[in-house]
file query_3.txt (compact mmCIF, C-alpha atoms)
# COMPACT_ATOMS: atom_id res chain seq x y z
CA MET A 725 25.16 5.16 -5.16
CA VAL A 726 21.85 4.53 -6.88
CA LYS A 727 19.73 1.90 -5.16
CA LEU A 728 17.26 -0.56 -6.58
CA ASN A 729 13.56 -0.45 -5.78
CA HIS A 730 13.88 -3.59 -3.66
CA HIS A 731 10.21 -4.50 -4.12
CA TYR A 732 11.07 -5.74 -7.63
CA GLN A 733 13.09 -8.47 -5.93
CA LYS A 734 9.84 -9.91 -4.58
CA LEU A 735 8.60 -10.75 -8.07
CA GLN A 736 8.66 -14.32 -9.26
CA PRO A 737 11.91 -14.71 -11.23
CA THR A 738 10.12 -15.72 -14.44
CA TYR A 739 6.96 -14.22 -15.92
CA LEU A 740 4.35 -16.89 -16.66
CA PHE A 741 4.13 -16.30 -20.41
CA THR A 742 7.93 -16.17 -20.73
CA GLU A 743 8.21 -19.57 -19.05
CA ILE A 744 5.62 -20.98 -21.47
CA GLU A 745 7.63 -19.68 -24.45
CA LYS A 746 10.78 -21.19 -22.99
CA ARG A 747 9.24 -24.66 -22.71
CA VAL A 748 7.65 -24.46 -26.15
CA ASP A 749 10.97 -23.39 -27.70
CA ALA A 750 12.72 -26.31 -25.99
CA LEU A 751 10.24 -28.74 -27.54
CA LYS A 752 10.70 -27.18 -30.98
CA ALA A 753 14.47 -27.55 -30.66
CA LYS A 754 14.09 -31.21 -29.68
CA GLU A 755 11.41 -31.98 -32.30
CA PRO A 756 11.79 -29.47 -35.16
CA GLY A 757 8.99 -31.03 -37.18
CA ALA A 758 6.41 -31.01 -34.41
CA GLU A 759 3.11 -29.38 -35.35
CA LEU A 760 1.76 -27.68 -32.25
CA ALA A 761 -1.89 -27.13 -31.44
CA HIS A 762 -1.85 -23.69 -29.86
CA LEU A 763 -4.49 -23.33 -27.15
CA GLY A 764 -2.34 -21.24 -24.83
CA VAL A 765 -1.58 -17.54 -24.94
CA GLY A 766 -4.67 -15.41 -25.54
CA ASP A 767 -3.65 -13.58 -28.71
CA VAL A 768 -6.20 -13.36 -31.49
CA SER A 769 -5.73 -15.06 -34.85
CA LEU A 770 -8.38 -13.51 -37.11
CA PRO A 771 -7.26 -10.37 -38.99
CA ILE A 772 -8.62 -6.93 -38.21
CA PRO A 773 -11.84 -6.37 -40.21
CA SER A 774 -11.44 -4.63 -43.56
CA SER A 775 -13.64 -1.62 -42.75
CA ILE A 776 -11.41 -0.83 -39.77
CA ILE A 777 -8.21 -1.23 -41.79
CA GLU A 778 -9.59 1.20 -44.36
CA GLU A 779 -9.97 3.85 -41.66
CA LEU A 780 -6.51 3.08 -40.30
CA ILE A 781 -5.04 3.67 -43.75
CA ALA A 782 -7.09 6.82 -44.28
CA GLY A 783 -5.89 8.18 -40.94
CA ALA A 784 -2.27 7.44 -41.82
CA GLN A 785 -2.68 9.14 -45.20
CA GLU A 786 -4.00 12.25 -43.50
CA MET A 787 -0.74 12.45 -41.57
CA GLY A 788 1.04 12.89 -44.89
CA ASP A 789 -1.22 15.72 -46.02
CA PRO A 790 -0.08 19.23 -44.88
CA THR A 791 -3.71 20.35 -44.60
CA GLN A 792 -4.75 17.40 -42.41
CA PHE A 793 -1.58 16.60 -40.49
CA ARG A 794 -1.95 16.20 -36.71
CA GLY A 795 0.82 16.41 -34.13
CA TYR A 796 0.40 15.62 -30.48
CA GLY A 797 -3.12 14.52 -29.71
CA PRO A 798 -5.06 15.09 -26.49
CA SER A 799 -3.79 12.93 -23.62
CA GLN A 800 -7.35 11.83 -22.89
CA GLY A 801 -7.99 10.75 -26.47
CA TYR A 802 -9.77 12.37 -29.41
CA LEU A 803 -13.31 13.50 -28.74
CA PHE A 804 -14.68 11.74 -31.83
CA LEU A 805 -13.73 8.35 -30.35
CA ARG A 806 -14.84 9.13 -26.80
CA GLU A 807 -18.25 10.26 -28.07
CA LYS A 808 -18.74 6.99 -29.94
CA ILE A 809 -17.79 4.96 -26.86
CA VAL A 810 -20.30 6.83 -24.68
CA GLY A 811 -23.03 6.74 -27.32
CA GLN A 812 -22.76 3.03 -28.08
CA ASP A 813 -20.93 1.08 -25.36
CA TYR A 814 -22.61 3.04 -22.55
CA LYS A 815 -25.85 4.14 -24.14
CA ASN A 816 -28.46 5.14 -21.54
CA LEU A 817 -25.99 4.71 -18.65
CA GLY A 818 -25.52 8.43 -18.06
CA LEU A 819 -21.80 8.71 -18.82
CA THR A 820 -20.14 11.63 -20.65
CA PRO A 821 -17.12 11.77 -23.00
CA ASP A 822 -14.94 13.49 -20.38
CA GLU A 823 -15.25 10.35 -18.23
CA ILE A 824 -13.51 8.28 -20.95
CA PHE A 825 -9.71 8.00 -21.21
CA ILE A 826 -8.15 6.40 -24.31
CA SER A 827 -4.91 4.45 -23.80
CA ASP A 828 -2.61 2.01 -25.58
CA GLY A 829 -3.98 -1.12 -23.91
CA ALA A 830 -6.00 -2.42 -20.99
CA ASN A 831 -2.84 -3.95 -19.55
CA THR A 832 -1.28 -0.47 -19.40
CA ASP A 833 -4.12 1.09 -17.43
CA LEU A 834 -4.59 -1.93 -15.17
CA ALA A 835 -0.90 -1.62 -14.33
CA ASN A 836 -0.90 2.14 -13.85
CA LEU A 837 -4.15 2.82 -11.99
CA GLN A 838 -2.76 1.52 -8.71
CA GLU A 839 -0.07 4.23 -8.59
CA ILE A 840 -2.51 7.01 -7.72
CA PHE A 841 -3.52 5.28 -4.47
CA ALA A 842 -1.63 5.27 -1.17
CA LEU A 843 0.87 2.48 -0.49
CA ASP A 844 -0.70 1.48 2.83
CA ILE A 845 -4.10 0.53 1.41
CA ARG A 846 -5.32 -3.08 1.42
CA VAL A 847 -5.58 -4.60 -2.05
CA ALA A 848 -7.93 -7.49 -2.89
CA ILE A 849 -7.32 -9.65 -5.95
CA PRO A 850 -9.19 -12.68 -7.35
CA ASP A 851 -7.32 -15.96 -7.16
CA PRO A 852 -6.64 -17.05 -9.88
CA ALA A 853 -6.20 -13.77 -11.75
CA TYR A 854 -4.45 -12.06 -14.63
CA PRO A 855 -0.86 -11.50 -13.34
CA VAL A 856 -0.72 -7.71 -13.85
CA TYR A 857 -3.05 -7.08 -10.88
CA LEU A 858 -0.63 -8.61 -8.40
CA ASP A 859 2.70 -7.85 -10.08
CA THR A 860 2.19 -4.09 -10.24
CA ASN A 861 1.17 -3.92 -6.58
CA ILE A 862 4.28 -5.94 -5.69
CA MET A 863 6.41 -3.44 -7.63
CA ALA A 864 4.73 -0.54 -5.83
CA GLY A 865 5.50 -2.03 -2.41
CA ARG A 866 2.05 -3.02 -1.17
CA THR A 867 2.98 -6.62 -0.41
CA ARG A 868 5.21 -8.42 2.00
CA LEU A 869 7.46 -11.30 1.01
CA PRO A 870 6.07 -14.42 -0.71
CA LEU A 871 4.46 -16.90 1.66
CA LYS A 872 5.52 -20.55 1.85
CA SER A 873 1.88 -21.49 1.36
CA GLY A 874 1.77 -19.48 -1.89
CA GLY A 875 0.78 -15.90 -2.57
CA TYR A 876 2.05 -12.76 -0.85
CA GLY A 877 1.52 -11.29 2.58
CA GLY A 878 -0.45 -8.07 2.62
CA ILE A 879 -2.82 -9.09 -0.20
CA ILE A 880 -6.42 -10.17 0.32
CA TYR A 881 -7.06 -13.10 -2.00
CA LEU A 882 -10.58 -13.70 -3.29
CA PRO A 883 -10.86 -17.44 -4.06
CA CYS A 884 -12.52 -18.33 -7.36
CA LEU A 885 -13.30 -21.98 -6.79
CA GLU A 886 -15.52 -24.73 -8.11
CA GLN A 887 -17.51 -24.49 -4.86
CA ASN A 888 -18.49 -20.84 -5.43
CA GLY A 889 -18.93 -21.12 -9.18
CA PHE A 890 -15.67 -19.19 -9.66
CA GLN A 891 -17.44 -16.02 -8.51
CA PRO A 892 -15.26 -13.94 -6.14
CA LEU A 893 -17.20 -12.82 -3.09
CA PRO A 894 -16.64 -9.79 -0.83
CA PRO A 895 -14.36 -10.59 2.14
CA THR A 896 -16.00 -10.98 5.54
CA THR A 897 -12.89 -10.97 7.73
CA HIS A 898 -10.78 -8.17 6.19
CA ALA A 899 -11.49 -4.65 4.98
CA ALA A 900 -10.36 -4.07 1.40
CA ASP A 901 -9.67 -0.65 -0.12
CA LEU A 902 -8.76 -1.36 -3.76
CA ILE A 903 -10.42 -4.36 -5.37
CA TYR A 904 -9.72 -5.89 -8.79
CA LEU A 905 -12.59 -7.70 -10.51
CA CYS A 906 -12.68 -9.25 -13.97
CA SER A 907 -15.80 -10.31 -15.86
CA PRO A 908 -15.85 -12.38 -17.98
CA HIS A 909 -12.99 -13.70 -15.90
CA ASN A 910 -9.51 -14.45 -17.14
CA PRO A 911 -8.47 -17.26 -16.72
CA THR A 912 -11.60 -19.24 -15.73
CA GLY A 913 -13.85 -17.90 -18.50
CA VAL A 914 -16.74 -17.49 -16.02
CA ALA A 915 -18.71 -14.22 -15.95
CA MET A 916 -20.03 -12.51 -12.82
CA THR A 917 -23.79 -12.41 -12.39
CA ARG A 918 -25.82 -9.31 -11.57
CA PRO A 919 -26.47 -10.29 -7.90
CA ILE A 920 -22.74 -10.86 -7.29
CA LEU A 921 -21.79 -7.52 -8.84
CA LYS A 922 -24.48 -5.84 -6.72
CA GLN A 923 -22.85 -7.33 -3.62
CA TRP A 924 -19.52 -5.85 -4.67
CA VAL A 925 -20.91 -2.39 -5.37
CA ASP A 926 -22.67 -2.39 -2.00
CA PHE A 927 -19.47 -3.57 -0.29
CA ALA A 928 -17.43 -0.81 -1.95
CA LYS A 929 -19.93 1.86 -0.92
CA GLN A 930 -20.07 0.63 2.66
CA ASN A 931 -16.29 0.44 2.98
CA ARG A 932 -15.41 3.49 0.86
CA ALA A 933 -13.45 1.18 -1.43
CA ILE A 934 -12.72 1.42 -5.15
CA LEU A 935 -13.41 -1.34 -7.67
CA ILE A 936 -11.20 -1.71 -10.73
CA PHE A 937 -13.43 -3.64 -13.11
CA ASP A 938 -11.63 -5.37 -16.00
CA GLY A 939 -14.16 -5.77 -18.82
CA ALA A 940 -11.75 -6.69 -21.61
CA TYR A 941 -13.92 -9.65 -22.71
CA GLU A 942 -17.31 -7.89 -22.55
CA ALA A 943 -18.02 -8.57 -26.24
CA TYR A 944 -18.23 -12.32 -25.53
CA ILE A 945 -21.07 -12.17 -23.02
CA THR A 946 -24.07 -14.26 -24.09
CA SER A 947 -25.78 -15.09 -20.78
CA PRO A 948 -28.82 -12.86 -20.06
CA ASP A 949 -28.05 -12.56 -16.31
CA VAL A 950 -24.53 -11.16 -16.91
CA PRO A 951 -24.16 -7.35 -17.10
CA HIS A 952 -22.02 -5.97 -19.91
CA SER A 953 -20.88 -3.08 -17.71
CA ILE A 954 -20.59 -2.64 -13.98
CA TYR A 955 -22.40 0.67 -14.44
CA GLU A 956 -25.59 -1.30 -15.01
CA ILE A 957 -25.51 -1.79 -11.23
CA GLU A 958 -27.04 1.06 -9.24
CA GLY A 959 -24.42 3.07 -7.38
CA ALA A 960 -21.46 1.73 -9.36
CA LYS A 961 -20.54 5.16 -10.75
CA GLU A 962 -19.66 6.20 -7.21
CA VAL A 963 -17.13 3.40 -6.64
CA ALA A 964 -16.07 1.70 -9.89
CA ILE A 965 -13.46 2.25 -12.59
CA GLU A 966 -14.04 0.20 -15.75
CA VAL A 967 -11.33 -0.84 -18.21
CA ARG A 968 -12.08 -2.16 -21.71
CA SER A 969 -10.02 -3.04 -24.77
CA PHE A 970 -10.30 -3.18 -28.54
CA SER A 971 -7.87 -6.12 -28.60
CA LYS A 972 -10.09 -9.13 -28.02
CA ASN A 973 -13.14 -7.98 -29.98
CA ALA A 974 -11.64 -6.06 -32.92
CA GLY A 975 -8.20 -7.70 -33.03
CA PHE A 976 -6.13 -4.70 -31.88
CA THR A 977 -3.51 -6.76 -30.05
CA GLY A 978 -0.92 -5.47 -32.51
CA LEU A 979 -2.31 -1.92 -32.80
CA ARG A 980 -2.87 -1.24 -29.08
CA CYS A 981 -5.95 0.74 -28.11
CA SER A 982 -8.25 0.59 -25.11
CA TYR A 983 -10.11 2.90 -22.77
CA THR A 984 -10.78 3.45 -19.10
CA VAL A 985 -13.94 4.94 -17.59
CA ILE A 986 -13.62 7.08 -14.45
CA PRO A 987 -16.96 8.66 -13.50
CA HIS A 988 -17.05 12.13 -11.97
CA GLN A 989 -18.90 10.79 -8.92
CA ILE A 990 -15.88 8.88 -7.59
CA ARG A 991 -14.21 10.70 -4.71
CA VAL A 992 -11.14 9.55 -2.77
CA ALA A 993 -10.17 10.76 0.69
CA ASP A 994 -6.93 12.67 1.28
CA THR A 995 -6.11 14.51 4.54
CA GLY A 996 -9.73 15.15 5.28
CA SER A 997 -10.72 16.21 1.76
CA LEU A 998 -12.52 14.31 -0.97
CA ILE A 999 -10.66 14.42 -4.28
CA SER A 1000 -12.13 13.81 -7.74
CA LEU A 1001 -10.48 10.68 -9.11
CA ASN A 1002 -11.43 11.73 -12.65
CA ALA A 1003 -9.61 15.05 -12.31
CA LEU A 1004 -6.60 13.39 -10.69
CA TRP A 1005 -6.31 10.77 -13.44
CA LYS A 1006 -6.63 13.48 -16.08
CA ARG A 1007 -3.74 15.34 -14.45
CA ARG A 1008 -1.70 12.15 -14.33
CA GLN A 1009 -2.33 11.44 -18.02
CA ASP A 1010 -1.40 15.02 -18.98
CA ALA A 1011 1.96 14.52 -17.29
CA LYS A 1012 2.77 10.97 -18.38
CA THR A 1013 1.38 10.33 -21.85
CA ASN A 1014 0.95 11.95 -25.24
CA GLY A 1015 -1.94 9.66 -26.03
CA VAL A 1016 -2.65 7.06 -28.70
CA SER A 1017 -1.83 7.88 -32.31
CA TYR A 1018 -4.51 9.48 -34.48
CA PRO A 1019 -4.62 6.69 -37.14
CA ILE A 1020 -5.20 4.04 -34.46
CA GLN A 1021 -7.96 6.07 -32.78
CA ARG A 1022 -9.48 6.61 -36.22
CA ALA A 1023 -9.44 2.83 -36.69
CA ALA A 1024 -10.97 2.30 -33.22
CA ALA A 1025 -13.83 4.68 -34.10
CA ALA A 1026 -14.54 2.50 -37.15
CA VAL A 1027 -15.40 -0.35 -34.78
CA TYR A 1028 -18.66 1.53 -34.15
CA SER A 1029 -19.60 2.01 -37.82
CA PRO A 1030 -22.34 -0.23 -39.27
CA ALA A 1031 -19.78 -2.23 -41.25
CA GLY A 1032 -17.34 -2.35 -38.34
CA LYS A 1033 -19.95 -3.60 -35.87
CA LYS A 1034 -21.06 -6.31 -38.28
CA GLN A 1035 -17.51 -7.52 -38.97
CA VAL A 1036 -16.42 -7.39 -35.33
CA LYS A 1037 -19.51 -9.34 -34.30
CA ALA A 1038 -18.64 -11.98 -36.92
CA ASN A 1039 -15.12 -12.36 -35.50
CA VAL A 1040 -16.41 -12.66 -31.93
CA SER A 1041 -19.02 -15.20 -33.05
CA THR A 1042 -16.30 -17.26 -34.71
CA TYR A 1043 -14.24 -17.41 -31.51
CA LEU A 1044 -17.34 -18.32 -29.51
CA GLU A 1045 -18.21 -21.10 -31.98
CA ARG A 1046 -14.71 -22.48 -31.55
CA ALA A 1047 -15.09 -22.25 -27.77
CA ARG A 1048 -18.33 -24.24 -27.92
CA PHE A 1049 -16.72 -26.82 -30.20
CA LEU A 1050 -13.83 -27.23 -27.77
CA LEU A 1051 -16.14 -27.25 -24.74
CA ASN A 1052 -18.37 -29.99 -26.16
CA GLY A 1053 -15.41 -32.03 -27.33
CA LEU A 1054 -13.66 -31.91 -23.97
CA LYS A 1055 -16.83 -32.90 -22.13
CA GLN A 1056 -17.33 -35.85 -24.48
CA LEU A 1057 -13.80 -36.97 -23.60
CA GLY A 1058 -14.73 -36.91 -19.93
CA TYR A 1059 -13.02 -33.71 -18.83
CA THR A 1060 -14.55 -31.33 -16.29
CA VAL A 1061 -14.66 -27.94 -18.00
CA TYR A 1062 -15.86 -24.44 -17.09
CA GLY A 1063 -16.11 -21.25 -19.15
CA GLY A 1064 -16.39 -21.23 -22.92
CA VAL A 1065 -19.87 -19.65 -22.87
CA ASP A 1066 -19.29 -15.96 -22.09
CA ALA A 1067 -15.57 -15.95 -22.85
CA PRO A 1068 -13.02 -17.45 -25.24
CA TYR A 1069 -11.36 -19.27 -22.31
CA LEU A 1070 -11.99 -22.77 -20.99
CA TRP A 1071 -10.93 -23.79 -17.51
CA VAL A 1072 -10.12 -27.50 -17.60
CA LYS A 1073 -9.64 -29.63 -14.50
CA THR A 1074 -6.56 -31.81 -14.70
CA PRO A 1075 -7.17 -35.59 -14.72
CA ASN A 1076 -6.16 -37.87 -11.84
CA LYS A 1077 -5.36 -34.88 -9.60
CA MET A 1078 -2.27 -34.03 -11.62
CA SER A 1079 -0.63 -30.69 -10.88
CA SER A 1080 -1.16 -27.90 -13.38
CA TRP A 1081 2.45 -27.90 -14.56
CA ASP A 1082 2.59 -31.71 -14.82
CA PHE A 1083 -0.51 -31.75 -17.01
CA PHE A 1084 0.84 -28.81 -19.04
CA ASP A 1085 4.06 -30.74 -19.68
CA LEU A 1086 2.15 -33.92 -20.57
CA LEU A 1087 0.01 -32.02 -23.07
CA LEU A 1088 3.07 -30.36 -24.57
CA GLN A 1089 5.45 -33.32 -24.69
CA LYS A 1090 3.03 -36.12 -25.57
CA GLY A 1091 0.22 -34.28 -27.33
CA HIS A 1092 2.04 -31.25 -28.75
CA ILE A 1093 -0.73 -29.12 -27.27
CA VAL A 1094 0.08 -25.71 -25.81
CA SER A 1095 -2.03 -24.69 -22.81
CA LEU A 1096 -1.51 -22.49 -19.75
CA PRO A 1097 -1.07 -23.99 -16.26
CA GLY A 1098 -3.73 -22.68 -13.89
CA SER A 1099 -1.28 -22.37 -10.99
CA GLY A 1100 0.52 -19.66 -12.98
CA PHE A 1101 -2.49 -17.43 -12.28
CA GLY A 1102 -2.52 -18.06 -8.53
CA LYS A 1103 -2.69 -20.68 -5.81
CA CYS A 1104 -6.37 -21.42 -6.46
CA GLY A 1105 -5.60 -22.16 -10.09
CA GLU A 1106 -3.76 -25.32 -9.11
CA GLY A 1107 -5.31 -28.42 -10.65
CA TYR A 1108 -6.47 -26.65 -13.82
CA VAL A 1109 -5.16 -25.56 -17.22
CA ARG A 1110 -6.53 -22.80 -19.42
CA PHE A 1111 -7.40 -23.39 -23.06
CA THR A 1112 -8.25 -20.57 -25.44
CA SER A 1113 -10.42 -20.56 -28.56
CA PHE A 1114 -8.49 -17.69 -30.14
CA GLY A 1115 -6.44 -20.08 -32.28
CA PRO A 1116 -7.46 -21.52 -35.65
CA MET A 1117 -10.13 -24.23 -35.77
CA LYS A 1118 -7.45 -26.66 -36.94
CA SER A 1119 -5.76 -26.35 -33.54
CA MET A 1120 -9.03 -27.17 -31.76
CA GLU A 1121 -9.56 -30.24 -33.93
CA GLN A 1122 -5.97 -31.41 -33.51
CA ALA A 1123 -6.09 -30.94 -29.75
CA LEU A 1124 -9.25 -32.98 -29.30
CA GLU A 1125 -7.95 -35.76 -31.52
CA ARG A 1126 -4.65 -35.93 -29.62
CA LEU A 1127 -6.35 -35.83 -26.24
CA LYS A 1128 -8.15 -39.06 -27.15
CA ASN A 1129 -4.79 -40.80 -27.30
CA LEU A 1130 -3.19 -39.41 -24.12
call {"tool": "encode", "arguments": {"input": "query_3.txt", "output": "structure tokens"}}
result
Amino acid sequence: MVKLNHHYQKLQPTYLFTEIEKRVDALKAKEPGAELAHLGVGDVSLPIPSSIIEELIAGAQEMGDPTQFRGYGPSQGYLFLREKIVGQDYKNLGLTPDEIFISDGANTDLANLQEIFALDIRVAIPDPAYPVYLDTNIMAGRTRLPLKSGGYGGIIYLPCLEQNGFQPLPPTTHAADLIYLCSPHNPTGVAMTRPILKQWVDFAKQNRAILIFDGAYEAYITSPDVPHSIYEIEGAKEVAIEVRSFSKNAGFTGLRCSYTVIPHQIRVADTGSLISLNALWKRRQDAKTNGVSYPIQRAAAAVYSPAGKKQVKANVSTYLERARFLLNGLKQLGYTVYGGVDAPYLWVKTPNKMSSWDFFDLLLQKGHIVSLPGSGFGKCGEGYVRFTSFGPMKSMEQALERLKNL
């Protein structure tokens, strides 16, 4: 008889974003005419820039031409895209195209990277954090059962709190082997400063640990003391994997394209030997994926063209303007708010010590405002909700007006 991977039974019965959809659908059924102000799920709303669409179409047309048709592409991604990434995103950082791996989304790689590490390692995760970090390690079997106090046994939680400026700090009481970091951080919208990242690189080197650095929101960084890449920190190429996406800057949420950087310098111990993580991940990709389609990689390469860079920057600037508008408006209404400067997310403290879900329900039922409860991202997210500036400006204006009357 086939048996279930029992670790899946440890997962929370409902995924956060599914529960949000369920509650929103219930409101729509009860009040069909309700006009919702969507400040919840972090999907983009501006269309993909025209110069990128032109390349997407041109790439698709090539697939219909017998002289230009392409079949299976390289599992690591086409060289023309990897060269552009190295030459522009990592200019002067000493990386090479064979350290870049193209995939169909940052979520995919963040979920899959953990599978090449042993099951008995200690995993450290920010709290709150994007759910994929924890969920995929639960599925793999690296956690014990859920704790009554919240969270899971076997995981080292890195509190991101008001007291530490939402900057996760290296643990002092436990050794961690695989560490997830995100900057700018989802959900708090706060970016990690250079000194904090230096602490993490030093910690990883001292403890022979690996950092998985989620840089999906890099394009939104405006603060001068915030690195755009962890490889700006000396020694990071020995201990850090970086994951980036074309979704939040160029609007590829519906096209799916991202990349992961695994430097050659990273070595992982196995039975007394040191193994190249780059070579191991390449072997894994050869076995498990046929890569991202040529037209989509062609479109991703257009992000780096003069027209593409200009149009992408305009989209990012629009989302940041909306974030500032929302940030200023919330502060004027008396709310305590973080983020919204280096990220499209705003981390809003609930009024009168309401729970995250209670405030979420109040916003939805009374204000017709869709948010995300902070506790859905972890125990330390309790007492907050996340707003996003990815929606249309009309939603921002409606939300602020309705909040006045709550």
call {"tool": "closest_atom_pairs", "arguments": {"input": "query_3.txt", "of": "range 896-1004 of chain A", "to": "range 792-812 of chain A", "cutoff": "10 Å", "atoms": "all atoms listed in the file", "output": "JSON lines"}}
result
{"residue": "A:Tyr983", "atom": "CA", "partner": "A:Arg806", "partner_atom": "CA", "distance": 8.8}
{"residue": "A:Thr984", "atom": "CA", "partner": "A:Gln800", "partner_atom": "CA", "distance": 9.8}
{"residue": "A:Val985", "atom": "CA", "partner": "A:Val810", "partner_atom": "CA", "distance": 9.7}
call {"tool": "closest_residue", "arguments": {"input": "query_3.txt", "among": "A:Gly975, A:Gly766, A:Gly829, A:Pro850", "to": "Pro894 in chain A", "atoms": "all atoms listed in the file"}}
result
A:Pro850
call {"tool": "atom_distance", "arguments": {"input": "query_3.txt", "atom1": "CA of Gly1063 in chain A", "atom2": "CA of Leu1051 in chain A"}}
result
8.2 Å
call {"tool": "residues_around", "arguments": {"input": "query_3.txt", "residues": "Gly1102 in chain A", "least_positions_apart": "6", "cutoff": "7 Å", "atoms": "all atoms listed in the file", "output": "list in words"}}
result
Asp851, Pro852 and Ala853 of chain A
call {"tool": "closest_atom_pairs", "arguments": {"input": "query_3.txt", "of": "range 973-1027 of chain A", "to": "range 835-842 of chain A", "cutoff": "9 Å", "atoms": "all atoms listed in the file", "output": "tab-separated table"}}
result
residue	atom	partner	partner_atom	distance
A:Val992	CA	A:Phe841	CA	8.9
A:Leu1001	CA	A:Ile840	CA	8.9
A:Leu1004	CA	A:Ile840	CA	8.1
A:Trp1005	CA	A:Ile840	CA	7.8
A:Arg1008	CA	A:Ile840	CA	8.4
call {"tool": "write_last_selection", "arguments": {"input": "query_3.txt", "atoms": "C-alpha atoms", "output": "short mmCIF file (atom, residue, chain, number, x, y, z; two decimals), in the frame of the given file"}}
result
data_model
loop_
_atom_site.label_atom_id
_atom_site.label_comp_id
_atom_site.auth_asym_id
_atom_site.auth_seq_id
_atom_site.Cartn_x
_atom_site.Cartn_y
_atom_site.Cartn_z
CA VAL A 992 -11.14 9.55 -2.77
CA LEU A 1001 -10.48 10.68 -9.11
CA LEU A 1004 -6.60 13.39 -10.69
CA TRP A 1005 -6.31 10.77 -13.44
CA ARG A 1008 -1.70 12.15 -14.33
#
